Structure formats: structure tokens, C-alpha cells
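S.K.: Below is the file target_35.cif, with mmCIF, N, CA and C atoms.
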```cif
data_model
#
loop_
_atom_site.label_atom_id
_atom_site.label_comp_id
_atom_site.auth_asym_id
_atom_site.auth_seq_id
_atom_site.Cartn_x
_atom_site.Cartn_y
_atom_site.Cartn_z
N LYS A 1 41.76 3.74 14.16
CA LYS A 1 40.30 3.75 13.96
C LYS A 1 39.85 5.14 14.41
N ARG A 2 39.29 5.89 13.43
CA ARG A 2 38.89 7.25 13.77
C ARG A 2 37.51 7.23 14.42
N THR A 3 37.46 7.26 15.72
CA THR A 3 36.16 7.29 16.39
C THR A 3 35.96 8.63 17.06
N THR A 4 34.90 9.28 16.72
CA THR A 4 34.58 10.57 17.36
C THR A 4 33.37 10.37 18.25
N THR A 5 33.37 11.08 19.37
CA THR A 5 32.21 10.98 20.27
C THR A 5 31.38 12.24 20.16
N GLY A 6 30.07 12.08 19.99
CA GLY A 6 29.19 13.26 19.91
C GLY A 6 28.04 13.09 20.86
N LYS A 7 27.46 14.23 21.27
CA LYS A 7 26.31 14.14 22.19
C LYS A 7 25.15 14.91 21.56
N ILE A 8 23.98 14.27 21.54
CA ILE A 8 22.80 14.90 20.93
C ILE A 8 21.68 14.94 21.96
N ALA A 9 21.11 16.13 22.14
CA ALA A 9 19.96 16.26 23.06
C ALA A 9 18.71 15.81 22.31
N ILE A 10 17.86 15.01 22.97
CA ILE A 10 16.65 14.47 22.31
C ILE A 10 15.43 14.77 23.17
N GLU A 11 14.49 15.51 22.58
CA GLU A 11 13.25 15.79 23.30
C GLU A 11 12.14 14.89 22.76
N GLY A 12 11.22 14.47 23.65
CA GLY A 12 10.06 13.75 23.15
C GLY A 12 10.08 12.27 23.46
N MET A 13 11.12 11.82 24.15
CA MET A 13 11.15 10.40 24.55
C MET A 13 10.43 10.27 25.88
N THR A 14 9.53 9.31 25.99
CA THR A 14 8.86 9.18 27.30
C THR A 14 9.04 7.78 27.88
N CYS A 15 9.47 6.83 27.08
CA CYS A 15 9.58 5.49 27.69
C CYS A 15 10.76 4.75 27.10
N ASN A 16 11.01 3.59 27.67
CA ASN A 16 12.18 2.84 27.24
C ASN A 16 12.07 2.34 25.81
N SER A 17 10.83 2.14 25.35
CA SER A 17 10.74 1.60 23.99
C SER A 17 11.21 2.65 22.98
N CYS A 18 11.00 3.95 23.35
CA CYS A 18 11.53 5.00 22.45
C CYS A 18 13.06 4.91 22.44
N VAL A 19 13.63 4.70 23.62
CA VAL A 19 15.10 4.60 23.72
C VAL A 19 15.58 3.43 22.87
N ASN A 20 14.93 2.27 23.04
CA ASN A 20 15.36 1.08 22.28
C ASN A 20 15.22 1.31 20.79
N THR A 21 14.11 1.96 20.40
CA THR A 21 13.89 2.20 18.96
C THR A 21 15.02 3.02 18.39
N ILE A 22 15.38 4.11 19.10
CA ILE A 22 16.45 4.98 18.59
C ILE A 22 17.77 4.22 18.54
N GLU A 23 18.07 3.51 19.65
CA GLU A 23 19.36 2.81 19.71
C GLU A 23 19.44 1.76 18.61
N SER A 24 18.37 1.01 18.39
CA SER A 24 18.46 -0.06 17.37
C SER A 24 18.48 0.55 15.97
N GLN A 25 17.67 1.59 15.74
CA GLN A 25 17.61 2.19 14.39
C GLN A 25 18.92 2.88 14.06
N VAL A 26 19.35 3.83 14.92
CA VAL A 26 20.58 4.60 14.63
C VAL A 26 21.80 3.68 14.71
N GLY A 27 21.72 2.73 15.63
CA GLY A 27 22.85 1.81 15.80
C GLY A 27 23.14 1.02 14.53
N SER A 28 22.13 0.89 13.68
CA SER A 28 22.31 0.06 12.47
C SER A 28 22.93 0.86 11.33
N TYR A 29 23.11 2.16 11.49
CA TYR A 29 23.66 2.98 10.39
C TYR A 29 25.14 2.71 10.23
N THR A 30 25.63 2.82 8.96
CA THR A 30 27.06 2.60 8.74
C THR A 30 27.84 3.73 9.43
N GLY A 31 28.91 3.36 10.05
CA GLY A 31 29.75 4.39 10.66
C GLY A 31 29.46 4.61 12.13
N ILE A 32 28.36 3.99 12.62
CA ILE A 32 28.04 4.18 14.05
C ILE A 32 28.69 3.04 14.83
N HIS A 33 29.57 3.40 15.77
CA HIS A 33 30.21 2.35 16.58
C HIS A 33 29.33 2.00 17.77
N SER A 34 28.82 3.05 18.42
CA SER A 34 27.91 2.74 19.55
C SER A 34 27.01 3.95 19.78
N ILE A 35 25.85 3.70 20.38
CA ILE A 35 24.96 4.80 20.74
C ILE A 35 24.31 4.43 22.06
N LYS A 36 24.37 5.40 23.00
CA LYS A 36 23.78 5.13 24.32
C LYS A 36 22.77 6.25 24.56
N VAL A 37 21.50 5.89 24.63
CA VAL A 37 20.48 6.92 24.82
C VAL A 37 20.07 6.93 26.29
N SER A 38 20.04 8.12 26.89
CA SER A 38 19.64 8.19 28.30
C SER A 38 18.29 8.89 28.39
N LEU A 39 17.28 8.16 28.89
CA LEU A 39 15.94 8.73 29.03
C LEU A 39 15.96 9.85 30.07
N ALA A 40 16.71 9.61 31.16
CA ALA A 40 16.72 10.57 32.27
C ALA A 40 17.30 11.90 31.82
N SER A 41 18.47 11.85 31.18
CA SER A 41 19.11 13.13 30.83
C SER A 41 18.71 13.57 29.43
N ARG A 42 17.81 12.82 28.80
CA ARG A 42 17.24 13.19 27.49
C ARG A 42 18.33 13.50 26.47
N GLU A 43 19.30 12.58 26.39
CA GLU A 43 20.34 12.81 25.38
C GLU A 43 20.93 11.48 24.95
N ALA A 44 21.68 11.52 23.84
CA ALA A 44 22.32 10.31 23.34
C ALA A 44 23.80 10.59 23.17
N VAL A 45 24.62 9.64 23.63
CA VAL A 45 26.06 9.76 23.39
C VAL A 45 26.38 8.78 22.27
N VAL A 46 26.97 9.32 21.19
CA VAL A 46 27.20 8.49 20.00
C VAL A 46 28.69 8.43 19.69
N GLU A 47 29.19 7.20 19.45
CA GLU A 47 30.57 7.04 18.97
C GLU A 47 30.46 6.65 17.51
N TYR A 48 31.10 7.46 16.66
CA TYR A 48 30.92 7.20 15.23
C TYR A 48 32.21 7.48 14.47
N ASN A 49 32.26 6.95 13.23
CA ASN A 49 33.44 7.19 12.38
C ASN A 49 33.12 8.41 11.53
N SER A 50 33.76 9.54 11.82
CA SER A 50 33.36 10.81 11.18
C SER A 50 33.66 10.80 9.67
N GLU A 51 34.41 9.78 9.21
CA GLU A 51 34.63 9.73 7.75
C GLU A 51 33.41 9.10 7.06
N LEU A 52 32.64 8.31 7.82
CA LEU A 52 31.51 7.61 7.18
C LEU A 52 30.20 8.34 7.40
N ILE A 53 30.11 9.03 8.56
CA ILE A 53 28.83 9.68 8.85
C ILE A 53 29.09 10.93 9.67
N GLU A 54 28.25 11.97 9.44
CA GLU A 54 28.42 13.22 10.18
C GLU A 54 27.41 13.26 11.33
N LEU A 55 27.73 14.01 12.38
CA LEU A 55 26.81 14.10 13.52
C LEU A 55 25.47 14.70 13.05
N GLU A 56 25.58 15.61 12.06
CA GLU A 56 24.38 16.26 11.52
C GLU A 56 23.43 15.21 10.96
N GLN A 57 24.01 14.20 10.27
CA GLN A 57 23.16 13.16 9.68
C GLN A 57 22.49 12.33 10.77
N ILE A 58 23.23 12.12 11.86
CA ILE A 58 22.67 11.32 12.97
C ILE A 58 21.50 12.10 13.57
N LYS A 59 21.72 13.41 13.75
CA LYS A 59 20.66 14.26 14.32
C LYS A 59 19.44 14.22 13.40
N ASP A 60 19.67 14.33 12.07
CA ASP A 60 18.53 14.32 11.12
C ASP A 60 17.79 13.00 11.21
N ALA A 61 18.56 11.90 11.37
CA ALA A 61 17.90 10.59 11.43
C ALA A 61 16.99 10.52 12.66
N ILE A 62 17.46 11.05 13.77
CA ILE A 62 16.66 11.01 15.00
C ILE A 62 15.42 11.89 14.81
N GLU A 63 15.59 13.00 14.10
CA GLU A 63 14.43 13.88 13.88
C GLU A 63 13.44 13.21 12.93
N ASP A 64 14.00 12.42 11.96
CA ASP A 64 13.11 11.67 11.06
C ASP A 64 12.26 10.68 11.82
N MET A 65 12.75 10.32 13.01
CA MET A 65 12.01 9.33 13.80
C MET A 65 10.94 10.01 14.65
N GLY A 66 10.84 11.34 14.51
CA GLY A 66 9.75 12.02 15.19
C GLY A 66 10.15 12.63 16.53
N PHE A 67 11.46 12.73 16.77
CA PHE A 67 11.89 13.36 18.02
C PHE A 67 12.57 14.68 17.69
N ASP A 68 12.64 15.57 18.67
CA ASP A 68 13.34 16.84 18.42
C ASP A 68 14.78 16.66 18.89
N ALA A 69 15.71 16.75 17.95
CA ALA A 69 17.12 16.50 18.31
C ALA A 69 17.95 17.73 18.06
N SER A 70 18.94 17.98 18.94
CA SER A 70 19.87 19.08 18.68
C SER A 70 21.25 18.64 19.16
N ILE A 71 22.25 19.08 18.37
CA ILE A 71 23.62 18.64 18.65
C ILE A 71 24.18 19.43 19.84
N LYS A 72 24.72 18.75 20.84
CA LYS A 72 25.32 19.43 21.99
C LYS A 72 26.79 19.69 21.70
N PHE A 73 27.53 18.61 21.29
CA PHE A 73 28.90 18.86 20.79
C PHE A 73 29.28 17.73 19.88
N ILE B 1 -7.01 10.96 -3.95
CA ILE B 1 -6.99 10.99 -2.47
C ILE B 1 -7.59 9.68 -1.98
N GLN B 2 -6.83 9.01 -1.09
CA GLN B 2 -7.30 7.74 -0.51
C GLN B 2 -7.10 7.81 1.00
N THR B 3 -7.87 7.02 1.73
CA THR B 3 -7.61 6.90 3.17
C THR B 3 -7.01 5.52 3.42
N TYR B 4 -5.75 5.53 3.87
CA TYR B 4 -5.05 4.26 4.09
C TYR B 4 -5.01 3.95 5.57
N GLU B 5 -5.06 2.66 5.91
CA GLU B 5 -4.99 2.25 7.31
C GLU B 5 -3.74 1.41 7.52
N PHE B 6 -2.97 1.74 8.59
CA PHE B 6 -1.75 0.99 8.90
C PHE B 6 -1.81 0.52 10.35
N LYS B 7 -1.22 -0.66 10.60
CA LYS B 7 -1.07 -1.10 11.99
C LYS B 7 0.36 -0.71 12.39
N VAL B 8 0.52 0.10 13.45
CA VAL B 8 1.85 0.56 13.85
C VAL B 8 2.06 0.23 15.33
N GLU B 9 3.13 -0.50 15.61
CA GLU B 9 3.39 -0.94 16.98
C GLU B 9 3.83 0.26 17.83
N MET B 10 2.93 0.80 18.59
CA MET B 10 3.29 1.94 19.48
C MET B 10 3.00 1.50 20.91
N THR B 11 4.00 1.61 21.77
CA THR B 11 3.79 1.08 23.11
C THR B 11 3.44 2.19 24.12
N CYS B 12 3.69 3.45 23.74
CA CYS B 12 3.40 4.48 24.76
C CYS B 12 3.10 5.82 24.10
N GLU B 13 2.78 6.79 24.93
CA GLU B 13 2.48 8.14 24.46
C GLU B 13 3.62 8.68 23.61
N GLY B 14 4.83 8.42 24.07
CA GLY B 14 6.00 8.97 23.37
C GLY B 14 6.05 8.46 21.94
N CYS B 15 5.70 7.17 21.79
CA CYS B 15 5.76 6.58 20.44
C CYS B 15 4.67 7.17 19.56
N SER B 16 3.46 7.29 20.10
CA SER B 16 2.39 7.84 19.24
C SER B 16 2.71 9.30 18.95
N GLY B 17 3.32 9.98 19.94
CA GLY B 17 3.72 11.37 19.71
C GLY B 17 4.74 11.47 18.60
N ALA B 18 5.67 10.53 18.57
CA ALA B 18 6.73 10.54 17.55
C ALA B 18 6.10 10.35 16.17
N VAL B 19 5.16 9.40 16.07
CA VAL B 19 4.52 9.15 14.77
C VAL B 19 3.76 10.40 14.33
N THR B 20 3.05 11.01 15.29
CA THR B 20 2.30 12.24 14.96
C THR B 20 3.24 13.32 14.45
N ARG B 21 4.42 13.45 15.14
CA ARG B 21 5.36 14.51 14.71
C ARG B 21 5.90 14.22 13.31
N ILE B 22 6.16 12.93 13.02
CA ILE B 22 6.69 12.59 11.68
C ILE B 22 5.68 12.99 10.61
N LEU B 23 4.43 12.60 10.82
CA LEU B 23 3.40 12.86 9.79
C LEU B 23 3.18 14.36 9.65
N THR B 24 3.17 15.07 10.77
CA THR B 24 2.96 16.53 10.70
C THR B 24 4.11 17.17 9.93
N LYS B 25 5.35 16.70 10.21
CA LYS B 25 6.52 17.30 9.55
C LYS B 25 6.51 16.98 8.05
N LYS B 26 6.17 15.73 7.71
CA LYS B 26 6.30 15.31 6.31
C LYS B 26 5.06 15.72 5.51
N LEU B 27 3.86 15.64 6.10
CA LEU B 27 2.64 15.89 5.32
C LEU B 27 2.16 17.33 5.48
N GLY B 28 2.77 18.04 6.45
CA GLY B 28 2.33 19.44 6.62
C GLY B 28 1.29 19.54 7.72
N ALA B 29 1.17 20.72 8.29
CA ALA B 29 0.32 20.90 9.47
C ALA B 29 -1.15 20.58 9.17
N ASP B 30 -1.59 20.84 7.91
CA ASP B 30 -3.02 20.60 7.66
C ASP B 30 -3.25 19.18 7.13
N ALA B 31 -2.26 18.29 7.42
CA ALA B 31 -2.41 16.91 6.92
C ALA B 31 -3.61 16.26 7.60
N ASN B 32 -4.17 15.30 6.91
CA ASN B 32 -5.38 14.65 7.43
C ASN B 32 -5.00 13.24 7.86
N PHE B 33 -4.70 13.07 9.16
CA PHE B 33 -4.35 11.72 9.61
C PHE B 33 -4.79 11.55 11.05
N ASN B 34 -4.82 10.28 11.52
CA ASN B 34 -5.21 10.02 12.91
C ASN B 34 -4.33 8.92 13.48
N VAL B 35 -3.76 9.18 14.67
CA VAL B 35 -2.89 8.17 15.31
C VAL B 35 -3.64 7.63 16.52
N ASP B 36 -3.96 6.34 16.49
CA ASP B 36 -4.77 5.75 17.57
C ASP B 36 -3.88 4.79 18.36
N LEU B 37 -3.36 5.29 19.50
CA LEU B 37 -2.42 4.48 20.30
C LEU B 37 -3.10 3.22 20.81
N ALA B 38 -4.33 3.37 21.32
CA ALA B 38 -5.02 2.22 21.93
C ALA B 38 -5.19 1.11 20.89
N ALA B 39 -5.62 1.50 19.68
CA ALA B 39 -5.89 0.48 18.66
C ALA B 39 -4.64 0.17 17.84
N GLN B 40 -3.51 0.82 18.20
CA GLN B 40 -2.25 0.61 17.45
C GLN B 40 -2.45 0.84 15.95
N LYS B 41 -3.29 1.86 15.63
CA LYS B 41 -3.59 2.07 14.21
C LYS B 41 -3.32 3.51 13.80
N VAL B 42 -2.89 3.68 12.55
CA VAL B 42 -2.70 5.03 12.00
C VAL B 42 -3.48 5.08 10.69
N THR B 43 -4.37 6.07 10.59
CA THR B 43 -5.11 6.22 9.32
C THR B 43 -4.69 7.56 8.70
N ILE B 44 -4.37 7.52 7.40
CA ILE B 44 -3.88 8.73 6.72
C ILE B 44 -4.69 8.94 5.44
N THR B 45 -5.23 10.15 5.29
CA THR B 45 -5.90 10.50 4.02
C THR B 45 -4.95 11.37 3.25
N SER B 46 -4.47 10.85 2.10
CA SER B 46 -3.45 11.61 1.37
C SER B 46 -3.46 11.16 -0.08
N ASP B 47 -2.86 11.99 -0.96
CA ASP B 47 -2.75 11.55 -2.37
C ASP B 47 -1.41 10.85 -2.60
N LEU B 48 -0.62 10.72 -1.52
CA LEU B 48 0.63 9.95 -1.67
C LEU B 48 0.28 8.47 -1.84
N SER B 49 1.23 7.71 -2.37
CA SER B 49 0.93 6.29 -2.57
C SER B 49 1.10 5.56 -1.25
N GLN B 50 0.53 4.36 -1.21
CA GLN B 50 0.56 3.58 0.03
C GLN B 50 2.01 3.28 0.43
N ASP B 51 2.88 2.96 -0.55
CA ASP B 51 4.25 2.59 -0.12
C ASP B 51 5.06 3.81 0.28
N GLU B 52 4.71 5.00 -0.28
CA GLU B 52 5.41 6.20 0.22
C GLU B 52 5.08 6.41 1.69
N LEU B 53 3.80 6.19 2.03
CA LEU B 53 3.38 6.39 3.42
C LEU B 53 3.98 5.32 4.31
N THR B 54 4.06 4.10 3.80
CA THR B 54 4.66 3.02 4.59
C THR B 54 6.11 3.37 4.91
N GLU B 55 6.81 3.85 3.87
CA GLU B 55 8.23 4.22 4.04
C GLU B 55 8.36 5.29 5.13
N MET B 56 7.44 6.28 5.07
CA MET B 56 7.47 7.38 6.03
C MET B 56 7.29 6.87 7.45
N LEU B 57 6.33 5.95 7.62
CA LEU B 57 6.05 5.42 8.95
C LEU B 57 7.21 4.54 9.42
N LYS B 58 7.82 3.84 8.49
CA LYS B 58 8.91 2.91 8.88
C LYS B 58 10.10 3.70 9.43
N LYS B 59 10.23 4.98 9.02
CA LYS B 59 11.38 5.77 9.50
C LYS B 59 11.31 5.93 11.01
N SER B 60 10.12 5.71 11.58
CA SER B 60 10.02 5.87 13.04
C SER B 60 10.70 4.70 13.73
N GLY B 61 11.10 3.71 12.97
CA GLY B 61 11.78 2.56 13.58
C GLY B 61 10.79 1.56 14.16
N LYS B 62 9.49 1.80 13.96
CA LYS B 62 8.48 0.90 14.55
C LYS B 62 7.99 -0.07 13.49
N ALA B 63 7.42 -1.18 13.95
CA ALA B 63 6.92 -2.21 13.01
C ALA B 63 5.64 -1.67 12.37
N VAL B 64 5.63 -1.61 11.05
CA VAL B 64 4.47 -1.05 10.32
C VAL B 64 3.89 -2.12 9.40
N THR B 65 2.57 -2.35 9.50
CA THR B 65 1.92 -3.29 8.57
C THR B 65 0.76 -2.56 7.90
N TYR B 66 0.69 -2.71 6.59
CA TYR B 66 -0.38 -2.04 5.83
C TYR B 66 -1.66 -2.86 5.95
N ILE B 67 -2.74 -2.22 6.37
CA ILE B 67 -3.99 -2.95 6.55
C ILE B 67 -4.80 -2.88 5.26
N GLY B 68 -5.08 -1.66 4.81
CA GLY B 68 -5.85 -1.57 3.57
C GLY B 68 -6.41 -0.18 3.40
N VAL B 69 -7.31 -0.05 2.42
CA VAL B 69 -7.90 1.26 2.15
C VAL B 69 -9.28 1.30 2.82
N GLN B 70 -9.54 2.46 3.44
CA GLN B 70 -10.85 2.52 4.14
C GLN B 70 -11.98 2.74 3.15
#
```
Show me, as C-alpha cells, the structure contained in the file I just sent.
M.R.:
Amino acid sequence: KRTTTGKIAIEGMTCNSCVNTIESQVGSYTGIHSIKVSLASREAVVEYNSELIELEQIKDAIEDMGFDASIKF
Amino acid sequence: IQTYEFKVEMTCEGCSGAVTRILTKKLGADANFNVDLAAQKVTITSDLSQDELTEMLKKSGKAVTYIGVQ
């Protein structure tokens, strides 16, 4: 199972409901195995299948949700 | 050009900020819209269709209900 781990910095989250929204929305995308968003460190750790989805697409999805996202690695 | 009203479940500043950023990014800086966190309402004046706007708001991952035209 090809699982890659990526980390995305997310600006603009202020409460837990933002965290839940991102986790439930991005978590539902094909190829996403898990996503853990941390409000404190303002970033998300994502485990995904790089054959089904690219980290760039995940970052774009988070930006589509109105947050400023940038790929850390 | 129509003014559409939507009910959008926003629980905090961050959520209303996110909706504002989406609309600014998609409709452009001079877009004509208002995000009312207290009333959980978003009003948008645009020539886009109501379902295009609904789709745009739904991308925020929040519950969106179309109220009507002002």
C-alpha cells in the first residue's frame, strides 16, 4: 500500500470547527488515508496514496475552503 | 445581476473569515457580498447563477441553504 505522508501549513484556522471541517472535507477525498489537523501548530499531517492524489491537490482543496495553505514537505 | 441570500453554518470568526476569503478569491476583490456571522447569513450580489454560488459556498465544507432572492 503506497502511503505517503505530507505536511501542509494552514493559516486562518481559529477554532475547532474549522479543524473538523477540514478533516471531514479533505478526509472524504479519494486517496486520503488520514488527515490530522493541529490548531496549535497550524498545520495538517496527511497520509495519502500518491497514485490517487497529489499533495498539491490537497493544498488546493484546503485553499478552496478559504484557508491559506502551503506545502511543508 | 441578482442579490441572493444563503444561510451558512458558521460557528466562529475563522469560519466567517474562510467564507469571506473564498468569495473574495472566486468573485474578485471588488465583489459585492456580505458575510454576517451573527445571523449566519451570506448575501451575494452577482450575475452568477444561484447554484454556481451555492457550489462555491459548499466548497467551504459548511452547511449551505439557499434562502432566496432579496
S.K.: Spell out the residues picked by the PyMOL selection byres ((chain A) within 7 of (chain B)) here, as a PyMOL selection string.
M.R.: chain A and resi 12-15+18+21-22+25+63-67
S.K.: Between atom N of Asp47 in chain B and atom C of Asp30 in chain B, what distance in Å does the model show, to one decimal?
M.R.: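 One can read the atom N of Asp47 in chain B to atom C of Asp30 in chain B distance as 10.8 Å.
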S.K.: Kindly give the distance, in Å, that separates CA of Glu23 in chain A and atom N of Ala40 in chain A, rounded to a single decimal.
M.R.: 13.6 Å
S.K.: Between B:Ala29, B:Asp51, B:Ser46, B:Val8, which is the closest to Ala63 in chain B once you count all atoms listed in the file?
M.R.: B:Val8
S.K.: In Å, rounded to a single decimal, give me how far CA of Val69 in chain B is from CA of Tyr4 in chain B.
M.R.: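 The value is 4.6 Å.
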S.K.: Please provide as JSON, numbers by chain all residues within 8 Å of Gln70 in chain B, with the sequence filter that same-chain residues fewer than 5 positions apart are discarded (counting all atoms listed in the file).
M.R.: {"B": [2, 3, 4, 5]}
S.K.: Got time to write the residues from that selection, N, CA and C atoms, as an mmCIF file, in the frame of the given file?
M.R.:
```
data_model
loop_
_atom_site.group_PDB
_atom_site.id
_atom_site.type_symbol
_atom_site.label_atom_id
_atom_site.label_comp_id
_atom_site.auth_asym_id
_atom_site.auth_seq_id
_atom_site.Cartn_x
_atom_site.Cartn_y
_atom_site.Cartn_z
ATOM 1 N N GLN B 2 -6.830 9.010 -1.090
ATOM 2 C CA GLN B 2 -7.300 7.740 -0.510
ATOM 3 C C GLN B 2 -7.100 7.810 1.000
ATOM 4 N N THR B 3 -7.870 7.020 1.730
ATOM 5 C CA THR B 3 -7.610 6.900 3.170
ATOM 6 C C THR B 3 -7.010 5.520 3.420
ATOM 7 N N TYR B 4 -5.750 5.530 3.870
ATOM 8 C CA TYR B 4 -5.050 4.260 4.090
ATOM 9 C C TYR B 4 -5.010 3.950 5.570
ATOM 10 N N GLU B 5 -5.060 2.660 5.910
ATOM 11 C CA GLU B 5 -4.990 2.250 7.310
ATOM 12 C C GLU B 5 -3.740 1.410 7.520
#
```
S.K.: Using the chain letters and numbers from this file, what does the PyMOL selection byres ((chain A and resi 42) around 8) select? Give the answer as an MDAnalysis selection string.
M.R.: chainID A and resid 8:13 37:41 43:45
S.K.: Evaluate the PyMOL selection byres ((chain A and resi 49) around 6.5) against this structure - the residues, as a list in words, please.
M.R.: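 So the PyMOL selection byres ((chain A and resi 49) around 6.5) ends up selecting Arg2, Thr3, Thr4, Gly31, Ile32, His33, Glu47, Tyr48, Ser50, Glu51, Leu52, Ile53 and Glu54 of chain A.
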S.K.: When DSSP is applied to the backbone of this structure, which of chain B are assigned strand (DSSP E or B)? Write them out as a list in words.
M.R.: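 In chain B, DSSP puts these residues in strand (DSSP E or B): Gln2, Thr3, Tyr4, Glu5, Phe6, Lys7, Val8, Asn32, Phe33, Asn34, Val35, Asp36, Lys41, Val42, Thr43, Ile44, Thr45, Ser46, Val64, Thr65, Tyr66, Ile67, Gly68 and Val69 of chain B.
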S.K.: Which residue gives the smallest distance to Tyr29 in chain A among A:Asn16, A:Asp68, A:Lys7, A:Val46, with only C-alpha atoms counted?
M.R.: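 Using only C-alpha atoms, Tyr29 in chain A sits closest to A:Val46.
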S.K.: Any chance you could list, as a list of chain:residue names, the residues in chain B that come up alpha helix (DSSP H) when DSSP is run on the backbone?
M.R.: B:Glu13, B:Gly14, B:Cys15, B:Ser16, B:Gly17, B:Ala18, B:Val19, B:Thr20, B:Arg21, B:Ile22, B:Leu23, B:Thr24, B:Lys25, B:Lys26, B:Leu27, B:Gln50, B:Asp51, B:Glu52, B:Leu53, B:Thr54, B:Glu55, B:Met56, B:Leu57, B:Lys58
